[in-house]
Structures are given as structure tokens and as C-alpha cells.
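For reference, upload.cif is printed below; it contains mmCIF, C-alpha atoms.
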data_query
loop_
_atom_site.label_atom_id
_atom_site.label_comp_id
_atom_site.auth_asym_id
_atom_site.auth_seq_id
_atom_site.Cartn_x
_atom_site.Cartn_y
_atom_site.Cartn_z
CA MET A 1 27.21 -20.61 9.34
CA THR A 2 27.31 -18.51 6.17
CA PRO A 3 23.97 -18.14 4.35
CA PRO A 4 23.83 -19.43 0.78
CA LEU A 5 24.87 -17.07 -2.02
CA LEU A 6 22.24 -14.48 -2.95
CA LEU A 7 21.26 -14.32 -6.62
CA ILE A 8 19.53 -11.15 -7.86
CA ARG A 9 17.97 -11.24 -11.28
CA LYS A 10 15.23 -9.60 -13.31
CA ALA A 11 11.90 -11.24 -12.64
CA ARG A 12 10.07 -12.84 -15.54
CA ALA A 13 6.35 -13.25 -16.12
CA SER A 14 6.70 -16.81 -14.82
CA ASP A 15 7.85 -15.33 -11.45
CA LEU A 16 4.73 -13.23 -10.85
CA ASP A 17 3.14 -15.55 -8.27
CA THR A 18 6.44 -15.61 -6.38
CA VAL A 19 6.75 -11.81 -6.48
CA LEU A 20 3.17 -11.33 -5.29
CA ASN A 21 3.69 -13.88 -2.52
CA LEU A 22 6.74 -11.92 -1.33
CA ILE A 23 4.84 -8.62 -1.44
CA GLU A 24 2.02 -10.11 0.62
CA ALA A 25 4.32 -11.95 3.07
CA ALA A 26 6.26 -8.74 3.75
CA GLY A 27 3.01 -6.92 4.54
CA LEU A 28 2.95 -4.50 1.61
CA ASP A 29 -0.43 -5.92 0.58
CA ALA A 30 -2.90 -8.08 2.46
CA PRO A 31 -2.66 -11.82 1.73
CA GLY A 32 -4.80 -12.74 -1.27
CA SER A 33 -5.52 -9.12 -2.20
CA ASN A 34 -3.70 -9.16 -5.55
CA ASP A 35 -5.47 -10.13 -8.76
CA ARG A 36 -3.28 -12.96 -10.04
CA ALA A 37 -5.15 -13.11 -13.36
CA ALA A 38 -4.46 -9.43 -14.06
CA ALA A 39 -0.78 -9.62 -13.04
CA PRO A 40 0.68 -10.65 -16.45
CA ALA A 41 -0.92 -7.69 -18.26
CA LEU A 42 0.16 -5.30 -15.48
CA PHE A 43 3.68 -6.69 -15.63
CA ASP A 44 3.84 -6.17 -19.42
CA GLN A 45 2.53 -2.62 -19.04
CA MET A 46 5.09 -1.90 -16.33
CA LEU A 47 7.92 -3.14 -18.56
CA ARG A 48 6.73 -0.92 -21.42
CA CYS A 49 6.80 2.09 -19.06
CA GLY A 50 10.42 1.61 -18.02
CA GLY A 51 9.81 -0.62 -15.02
CA SER A 52 11.64 -3.71 -13.92
CA VAL A 53 11.21 -6.15 -11.06
CA LEU A 54 14.23 -7.60 -9.30
CA LEU A 55 13.96 -10.96 -7.56
CA ALA A 56 16.46 -12.14 -4.94
CA GLU A 57 16.89 -15.86 -4.27
CA ARG A 58 19.02 -17.83 -1.82
CA ALA A 59 19.65 -21.41 -2.95
CA GLY A 60 16.61 -21.14 -5.23
CA VAL A 61 14.35 -19.92 -2.41
CA PRO A 62 12.67 -16.54 -3.04
CA ALA A 63 14.00 -14.05 -0.48
CA GLY A 64 12.96 -10.58 -1.69
CA THR A 65 11.88 -8.32 -4.49
CA LEU A 66 11.67 -4.69 -5.50
CA THR A 67 10.31 -2.73 -8.43
CA TRP A 68 12.21 0.10 -10.03
CA PHE A 69 11.55 2.51 -12.86
CA VAL A 70 13.75 4.65 -15.05
CA LEU A 71 12.05 7.97 -15.70
CA PRO A 72 13.17 9.99 -18.75
CA LEU A 73 13.39 13.70 -17.92
CA LEU A 74 13.86 16.99 -19.75
CA ALA A 75 15.61 18.67 -16.80
CA HIS A 76 19.00 17.64 -15.39
CA SER A 77 20.56 17.81 -18.84
CA GLY A 78 18.22 15.07 -19.99
CA ARG A 79 19.56 12.56 -17.46
CA PRO A 80 16.92 10.13 -16.21
CA ALA A 81 15.98 9.46 -12.61
CA ALA A 82 15.22 6.10 -11.04
CA LEU A 83 12.41 5.33 -8.63
CA VAL A 84 12.21 2.30 -6.34
CA GLU A 85 8.89 0.91 -5.11
CA ASP A 86 7.62 -2.21 -3.38
CA VAL A 87 10.74 -3.33 -1.53
CA ALA A 88 9.67 -6.63 0.04
CA VAL A 89 11.79 -9.16 1.91
CA ALA A 90 10.39 -12.50 3.09
CA PRO A 91 10.08 -12.47 6.90
CA ALA A 92 12.56 -15.36 7.22
CA TRP A 93 15.23 -13.32 5.41
CA GLN A 94 14.66 -9.89 6.99
CA GLY A 95 17.82 -8.59 8.62
CA SER A 96 20.05 -10.90 6.56
CA GLY A 97 21.20 -8.39 3.93
CA VAL A 98 18.64 -9.25 1.24
CA GLY A 99 17.03 -5.80 1.27
CA ARG A 100 20.44 -4.12 1.22
CA ALA A 101 21.55 -6.23 -1.75
CA LEU A 102 18.34 -5.52 -3.67
CA VAL A 103 18.54 -1.75 -3.17
CA GLN A 104 22.25 -1.73 -4.03
CA ALA A 105 21.47 -3.71 -7.21
CA ALA A 106 18.89 -1.09 -8.19
CA MET A 107 21.43 1.67 -7.48
CA GLN A 108 24.04 -0.04 -9.69
CA ARG A 109 21.55 -0.51 -12.50
CA ALA A 110 20.45 3.14 -12.23
CA ARG A 111 24.07 4.33 -12.43
CA ALA A 112 24.66 2.06 -15.43
CA VAL A 113 21.87 3.75 -17.43
CA GLY A 114 23.00 7.27 -16.46
CA CYS A 115 20.44 8.18 -13.80
CA TYR A 116 21.36 11.24 -11.77
CA LYS A 117 19.44 10.00 -8.71
CA LEU A 118 17.47 7.11 -7.30
CA ALA A 119 14.51 8.01 -5.11
CA LEU A 120 12.10 6.07 -2.96
CA SER A 121 9.45 6.88 -0.42
CA SER A 122 8.50 5.19 2.81
CA ASN A 123 5.49 5.45 5.07
CA ALA A 124 6.13 8.07 7.78
CA ARG A 125 5.48 5.50 10.51
CA ARG A 126 8.18 3.05 9.34
CA ALA A 127 11.10 4.30 11.45
CA GLU A 128 13.07 1.04 11.04
CA ALA A 129 12.79 1.28 7.26
CA HIS A 130 13.95 4.91 7.36
CA ALA A 131 17.03 3.95 9.38
CA PHE A 132 17.70 1.12 6.91
CA TYR A 133 17.57 3.49 3.91
CA GLU A 134 19.78 6.02 5.68
CA ARG A 135 22.37 3.28 6.34
CA LEU A 136 22.38 2.68 2.58
CA GLY A 137 23.25 6.33 1.92
CA PHE A 138 19.80 7.77 1.29
CA ALA A 139 19.11 11.21 2.76
CA ARG A 140 15.76 12.67 3.67
CA HIS A 141 15.00 15.14 0.94
CA GLY A 142 12.19 17.61 0.55
CA VAL A 143 8.62 16.82 1.43
CA SER A 144 6.65 14.06 -0.20
CA PHE A 145 2.98 14.48 -1.02
CA SER A 146 0.47 11.94 -2.24
CA VAL A 147 -3.23 11.80 -2.79
CA GLU A 148 -5.42 8.71 -2.80
CA LEU A 149 -7.15 9.04 -6.15
CA ASP A 150 -9.93 6.60 -5.26
CA GLU A 151 -10.88 8.87 -2.33
CA LEU A 152 -11.02 11.91 -4.64
CA ALA A 153 -13.55 10.18 -6.88
CA VAL A 154 -15.76 9.46 -3.88
CA ALA A 155 -15.46 13.03 -2.55
CA ALA A 156 -16.23 14.63 -5.94
#

As C-alpha cells, please, write out the structure in this file.
Amino acid sequence: MTPPLLLIRKARASDLDTVLNLIEAAGLDAPGSNDRAAAPALFDQMLRCGGSVLLAERAGVPAGTLTWFVLPLLAHSGRPAALVEDVAVAPAWQGSGVGRALVQAAMQRARAVGCYKLALSSNARRAEAHAFYERLGFARHGVSFSVELDELAVAA
């Protein structure tokens, strides 16, 4: 049986509970750990900074989400870059093409606004996610570094 058509659209402020539920269900954040009251202001701030949230639905049922940003740059002849974060697919829809469709939608949108690349990062332990991204055409590139800023404040 063919699954219902997948609709991918920009999330609205009225979708924030749905987006946070997807993020928590997919294991990106612990259930109940997000501040729902703060979400609308964070969403507005994200939009002002070039961010956008995509929401995938099958027959009106939330199936997945991702966040992406367009970053203006001085290098690369002034062409922007895109960054994807928080790819989350509801457990019931994992392996059904929802994640693929979301990432491809972000790639299409990035091309449409002239981005020279789309980048994302993934936890080093997530081998299945790495294979997924490689199947979508992503290549391992360079070395990624991060620092937990909350830990720096404690150590200082």
C-alpha cells in the first residue's frame, strides 16, 4: 500500500507545539525539556536571523521537521551558505522517506536562493544518520569542532 502524499511546508508559530513534539519524539531533546512559553519568541528571533522550519505531514499527521538557515557571507563571491539543524522524524515514519524529502526540500530551497553549499553536522556516534546523509549526496568534509558554552562558564 502506498503511503499518503507527503506535504512539506514552512512551519508557522501555530505549529510550534507540533515541531517541539517531533523533536522530542525523535530523541533530539528529552520529552518535556523544551520551554513551550519561550518558543514563540525564539521562533520569531530565528526567522529574523535567516532561519526557517520545515514541517512534513502525511494526510495531516505530522511526520518530520528540520530547521535551516541561510548565512550571508563575504567569501565565495558573496554567495550565502545554508545550514541544516534539528532533523527530526517521528518514530512511526522513520525509514519511509520523510527525512530524505525534508533534506531534499532544504537543498532545493538553498539552491533557489543562490547558496553555494548546504552543511549539517551529526553526532559522531550516529553511524546510521551518517550513512543516510551520504546516500543523499553529502560528503564528509573537514573536521567539526564545538564547545559547550555552559561548561566554559562553569570552568571559568

Counting all atoms listed in the file, give me one row per residue of region 60-91 of chain A with an atom at most 9 Å from an atom of region 24-35 of chain A, showing the shortest contact pair and its distance in Å to one decimal, sorted by chain then residue number, as a Markdown table.
| residue | atom | partner | partner_atom | distance |
| --- | --- | --- | --- | --- |
| A:Gly64 | CA | A:Ala26 | CA | 8.8 |
| A:Asp86 | CA | A:Leu28 | CA | 7.2 |
| A:Val87 | CA | A:Leu28 | CA | 8.5 |
| A:Ala88 | CA | A:Ala26 | CA | 5.5 |
| A:Val89 | CA | A:Ala26 | CA | 5.8 |
| A:Ala90 | CA | A:Ala26 | CA | 5.6 |
| A:Pro91 | CA | A:Ala26 | CA | 6.2 |

Extract, using all atoms listed in the file, all DNA, RNA and protein residues at most 9 Å from region 125-140 of chain A, discarding same-chain residues fewer than 4 positions from it, and format them as a list of chain:residue names.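 Result of the neighbour search: A:Gly99, A:Arg100, A:Val103, A:Gln104, A:Leu118, A:Ala119, A:Leu120.
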
Can you spit out the residues from that selection as an mmCIF file, in the coordinates of the input, using C-alpha atoms?
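The resulting file, part02.cif, is shown below:
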data_model
loop_
_atom_site.group_PDB
_atom_site.id
_atom_site.type_symbol
_atom_site.label_atom_id
_atom_site.label_comp_id
_atom_site.auth_asym_id
_atom_site.auth_seq_id
_atom_site.Cartn_x
_atom_site.Cartn_y
_atom_site.Cartn_z
ATOM 1 C CA GLY A 99 17.030 -5.800 1.270
ATOM 2 C CA ARG A 100 20.440 -4.120 1.220
ATOM 3 C CA VAL A 103 18.540 -1.750 -3.170
ATOM 4 C CA GLN A 104 22.250 -1.730 -4.030
ATOM 5 C CA LEU A 118 17.470 7.110 -7.300
ATOM 6 C CA ALA A 119 14.510 8.010 -5.110
ATOM 7 C CA LEU A 120 12.100 6.070 -2.960
#

Using the chain letters and numbers from this file, what does the PyMOL selection byres ((chain A and resi 80) around 9) select? Give the answer as a PDB file with C-alpha atoms, in the coordinates of the input.
ATOM      1  CA  VAL A  70      13.750   4.650 -15.050  1.00  0.00           C
ATOM      2  CA  LEU A  71      12.050   7.970 -15.700  1.00  0.00           C
ATOM      3  CA  PRO A  72      13.170   9.990 -18.750  1.00  0.00           C
ATOM      4  CA  LEU A  73      13.390  13.700 -17.920  1.00  0.00           C
ATOM      5  CA  LEU A  74      13.860  16.990 -19.750  1.00  0.00           C
ATOM      6  CA  ALA A  75      15.610  18.670 -16.800  1.00  0.00           C
ATOM      7  CA  HIS A  76      19.000  17.640 -15.390  1.00  0.00           C
ATOM      8  CA  SER A  77      20.560  17.810 -18.840  1.00  0.00           C
ATOM      9  CA  GLY A  78      18.220  15.070 -19.990  1.00  0.00           C
ATOM     10  CA  ARG A  79      19.560  12.560 -17.460  1.00  0.00           C
ATOM     11  CA  ALA A  81      15.980   9.460 -12.610  1.00  0.00           C
ATOM     12  CA  ALA A  82      15.220   6.100 -11.040  1.00  0.00           C
ATOM     13  CA  ALA A 110      20.450   3.140 -12.230  1.00  0.00           C
ATOM     14  CA  VAL A 113      21.870   3.750 -17.430  1.00  0.00           C
ATOM     15  CA  GLY A 114      23.000   7.270 -16.460  1.00  0.00           C
ATOM     16  CA  CYS A 115      20.440   8.180 -13.800  1.00  0.00           C
ATOM     17  CA  TYR A 116      21.360  11.240 -11.770  1.00  0.00           C
ATOM     18  CA  LYS A 117      19.440  10.000  -8.710  1.00  0.00           C
TER      19      LYS A 117
END

Between A:Leu5, A:Ala11, A:Ala37, A:Val53, which is the closest to Val84 (chain A) once you count only C-alpha atoms? A:Val53

What would the selection look like, as number ranges by chain, if the PyMOL selection byres ((chain A and resi 6-10) around 12) were run on the coordinates I just shared? A: 2-5, 11-16, 19, 47, 51-68, 93, 96-106, 109

Got a minute to add N, CA and C atoms to region 40-76 of chain A and dump it as a PDB file, in the coordinates of the input?
ATOM      1  N   PRO A  40      -0.154 -10.640 -15.228  1.00  0.00           N
ATOM      2  CA  PRO A  40       0.680 -10.650 -16.450  1.00  0.00           C
ATOM      3  C   PRO A  40       0.507  -9.384 -17.302  1.00  0.00           C
ATOM      4  N   ALA A  41      -0.712  -8.908 -17.464  1.00  0.00           N
ATOM      5  CA  ALA A  41      -0.920  -7.690 -18.260  1.00  0.00           C
ATOM      6  C   ALA A  41      -0.319  -6.473 -17.557  1.00  0.00           C
ATOM      7  N   LEU A  42      -0.444  -6.408 -16.232  1.00  0.00           N
ATOM      8  CA  LEU A  42       0.160  -5.300 -15.480  1.00  0.00           C
ATOM      9  C   LEU A  42       1.676  -5.334 -15.582  1.00  0.00           C
ATOM     10  N   PHE A  43       2.235  -6.524 -15.511  1.00  0.00           N
ATOM     11  CA  PHE A  43       3.680  -6.690 -15.630  1.00  0.00           C
ATOM     12  C   PHE A  43       4.160  -6.211 -17.000  1.00  0.00           C
ATOM     13  N   ASP A  44       3.471  -6.607 -18.065  1.00  0.00           N
ATOM     14  CA  ASP A  44       3.840  -6.170 -19.420  1.00  0.00           C
ATOM     15  C   ASP A  44       3.751  -4.651 -19.537  1.00  0.00           C
ATOM     16  N   GLN A  45       2.702  -4.068 -18.996  1.00  0.00           N
ATOM     17  CA  GLN A  45       2.530  -2.620 -19.040  1.00  0.00           C
ATOM     18  C   GLN A  45       3.663  -1.925 -18.279  1.00  0.00           C
ATOM     19  N   MET A  46       4.017  -2.459 -17.137  1.00  0.00           N
ATOM     20  CA  MET A  46       5.090  -1.900 -16.330  1.00  0.00           C
ATOM     21  C   MET A  46       6.415  -1.924 -17.110  1.00  0.00           C
ATOM     22  N   LEU A  47       6.696  -3.026 -17.767  1.00  0.00           N
ATOM     23  CA  LEU A  47       7.920  -3.140 -18.560  1.00  0.00           C
ATOM     24  C   LEU A  47       7.950  -2.108 -19.678  1.00  0.00           C
ATOM     25  N   ARG A  48       6.807  -1.908 -20.336  1.00  0.00           N
ATOM     26  CA  ARG A  48       6.730  -0.920 -21.420  1.00  0.00           C
ATOM     27  C   ARG A  48       6.944   0.500 -20.923  1.00  0.00           C
ATOM     28  N   CYS A  49       6.667   0.747 -19.646  1.00  0.00           N
ATOM     29  CA  CYS A  49       6.800   2.090 -19.060  1.00  0.00           C
ATOM     30  C   CYS A  49       8.136   2.298 -18.366  1.00  0.00           C
ATOM     31  N   GLY A  50       9.098   1.436 -18.603  1.00  0.00           N
ATOM     32  CA  GLY A  50      10.420   1.610 -18.020  1.00  0.00           C
ATOM     33  C   GLY A  50      10.618   0.933 -16.684  1.00  0.00           C
ATOM     34  N   GLY A  51       9.706   0.070 -16.304  1.00  0.00           N
ATOM     35  CA  GLY A  51       9.810  -0.620 -15.020  1.00  0.00           C
ATOM     36  C   GLY A  51      10.522  -1.946 -15.140  1.00  0.00           C
ATOM     37  N   SER A  52      10.977  -2.413 -14.010  1.00  0.00           N
ATOM     38  CA  SER A  52      11.640  -3.710 -13.920  1.00  0.00           C
ATOM     39  C   SER A  52      11.440  -4.232 -12.507  1.00  0.00           C
ATOM     40  N   VAL A  53      11.339  -5.528 -12.379  1.00  0.00           N
ATOM     41  CA  VAL A  53      11.210  -6.150 -11.060  1.00  0.00           C
ATOM     42  C   VAL A  53      12.454  -6.991 -10.830  1.00  0.00           C
ATOM     43  N   LEU A  54      13.088  -6.783  -9.684  1.00  0.00           N
ATOM     44  CA  LEU A  54      14.230  -7.600  -9.300  1.00  0.00           C
ATOM     45  C   LEU A  54      13.761  -8.651  -8.312  1.00  0.00           C
ATOM     46  N   LEU A  55      14.299  -9.844  -8.435  1.00  0.00           N
ATOM     47  CA  LEU A  55      13.960 -10.960  -7.560  1.00  0.00           C
ATOM     48  C   LEU A  55      15.259 -11.501  -6.960  1.00  0.00           C
ATOM     49  N   ALA A  56      15.294 -11.594  -5.641  1.00  0.00           N
ATOM     50  CA  ALA A  56      16.460 -12.140  -4.940  1.00  0.00           C
ATOM     51  C   ALA A  56      16.121 -13.551  -4.473  1.00  0.00           C
ATOM     52  N   GLU A  57      17.072 -14.466  -4.679  1.00  0.00           N
ATOM     53  CA  GLU A  57      16.890 -15.860  -4.270  1.00  0.00           C
ATOM     54  C   GLU A  57      18.138 -16.348  -3.553  1.00  0.00           C
ATOM     55  N   ARG A  58      17.921 -17.136  -2.511  1.00  0.00           N
ATOM     56  CA  ARG A  58      19.020 -17.830  -1.820  1.00  0.00           C
ATOM     57  C   ARG A  58      18.797 -19.313  -2.014  1.00  0.00           C
ATOM     58  N   ALA A  59      19.747 -19.967  -2.675  1.00  0.00           N
ATOM     59  CA  ALA A  59      19.650 -21.410  -2.950  1.00  0.00           C
ATOM     60  C   ALA A  59      18.313 -21.758  -3.593  1.00  0.00           C
ATOM     61  N   GLY A  60      17.864 -20.900  -4.520  1.00  0.00           N
ATOM     62  CA  GLY A  60      16.610 -21.140  -5.230  1.00  0.00           C
ATOM     63  C   GLY A  60      15.362 -20.773  -4.463  1.00  0.00           C
ATOM     64  N   VAL A  61      15.500 -20.295  -3.233  1.00  0.00           N
ATOM     65  CA  VAL A  61      14.350 -19.920  -2.410  1.00  0.00           C
ATOM     66  C   VAL A  61      14.133 -18.414  -2.536  1.00  0.00           C
ATOM     67  N   PRO A  62      12.926 -17.972  -2.925  1.00  0.00           N
ATOM     68  CA  PRO A  62      12.670 -16.540  -3.040  1.00  0.00           C
ATOM     69  C   PRO A  62      12.882 -15.841  -1.697  1.00  0.00           C
ATOM     70  N   ALA A  63      13.666 -14.751  -1.718  1.00  0.00           N
ATOM     71  CA  ALA A  63      14.000 -14.050  -0.480  1.00  0.00           C
ATOM     72  C   ALA A  63      13.515 -12.610  -0.482  1.00  0.00           C
ATOM     73  N   GLY A  64      13.403 -11.972  -1.649  1.00  0.00           N
ATOM     74  CA  GLY A  64      12.960 -10.580  -1.690  1.00  0.00           C
ATOM     75  C   GLY A  64      12.756 -10.092  -3.101  1.00  0.00           C
ATOM     76  N   THR A  65      12.167  -8.922  -3.191  1.00  0.00           N
ATOM     77  CA  THR A  65      11.880  -8.320  -4.490  1.00  0.00           C
ATOM     78  C   THR A  65      11.810  -6.812  -4.341  1.00  0.00           C
ATOM     79  N   LEU A  66      11.980  -6.119  -5.436  1.00  0.00           N
ATOM     80  CA  LEU A  66      11.670  -4.690  -5.500  1.00  0.00           C
ATOM     81  C   LEU A  66      11.333  -4.361  -6.945  1.00  0.00           C
ATOM     82  N   THR A  67      10.648  -3.240  -7.110  1.00  0.00           N
ATOM     83  CA  THR A  67      10.310  -2.730  -8.430  1.00  0.00           C
ATOM     84  C   THR A  67      11.036  -1.410  -8.601  1.00  0.00           C
ATOM     85  N   TRP A  68      11.586  -1.184  -9.784  1.00  0.00           N
ATOM     86  CA  TRP A  68      12.210   0.100 -10.030  1.00  0.00           C
ATOM     87  C   TRP A  68      11.898   0.568 -11.440  1.00  0.00           C
ATOM     88  N   PHE A  69      11.868   1.871 -11.597  1.00  0.00           N
ATOM     89  CA  PHE A  69      11.550   2.510 -12.860  1.00  0.00           C
ATOM     90  C   PHE A  69      12.659   3.474 -13.241  1.00  0.00           C
ATOM     91  N   VAL A  70      12.895   3.604 -14.519  1.00  0.00           N
ATOM     92  CA  VAL A  70      13.750   4.650 -15.050  1.00  0.00           C
ATOM     93  C   VAL A  70      12.826   5.666 -15.701  1.00  0.00           C
ATOM     94  N   LEU A  71      12.934   6.913 -15.239  1.00  0.00           N
ATOM     95  CA  LEU A  71      12.050   7.970 -15.700  1.00  0.00           C
ATOM     96  C   LEU A  71      12.815   8.950 -16.584  1.00  0.00           C
ATOM     97  N   PRO A  72      12.509   9.013 -17.883  1.00  0.00           N
ATOM     98  CA  PRO A  72      13.170   9.990 -18.750  1.00  0.00           C
ATOM     99  C   PRO A  72      12.734  11.402 -18.338  1.00  0.00           C
ATOM    100  N   LEU A  73      13.678  12.337 -18.360  1.00  0.00           N
ATOM    101  CA  LEU A  73      13.390  13.700 -17.920  1.00  0.00           C
ATOM    102  C   LEU A  73      13.933  14.715 -18.924  1.00  0.00           C
ATOM    103  N   LEU A  74      13.335  15.892 -18.949  1.00  0.00           N
ATOM    104  CA  LEU A  74      13.860  16.990 -19.750  1.00  0.00           C
ATOM    105  C   LEU A  74      14.889  17.789 -18.955  1.00  0.00           C
ATOM    106  N   ALA A  75      14.677  17.934 -17.659  1.00  0.00           N
ATOM    107  CA  ALA A  75      15.610  18.670 -16.800  1.00  0.00           C
ATOM    108  C   ALA A  75      16.850  17.814 -16.535  1.00  0.00           C
ATOM    109  N   HIS A  76      17.772  18.368 -15.780  1.00  0.00           N
ATOM    110  CA  HIS A  76      19.000  17.640 -15.390  1.00  0.00           C
ATOM    111  C   HIS A  76      19.787  17.185 -16.615  1.00  0.00           C
TER     112      HIS A  76
END
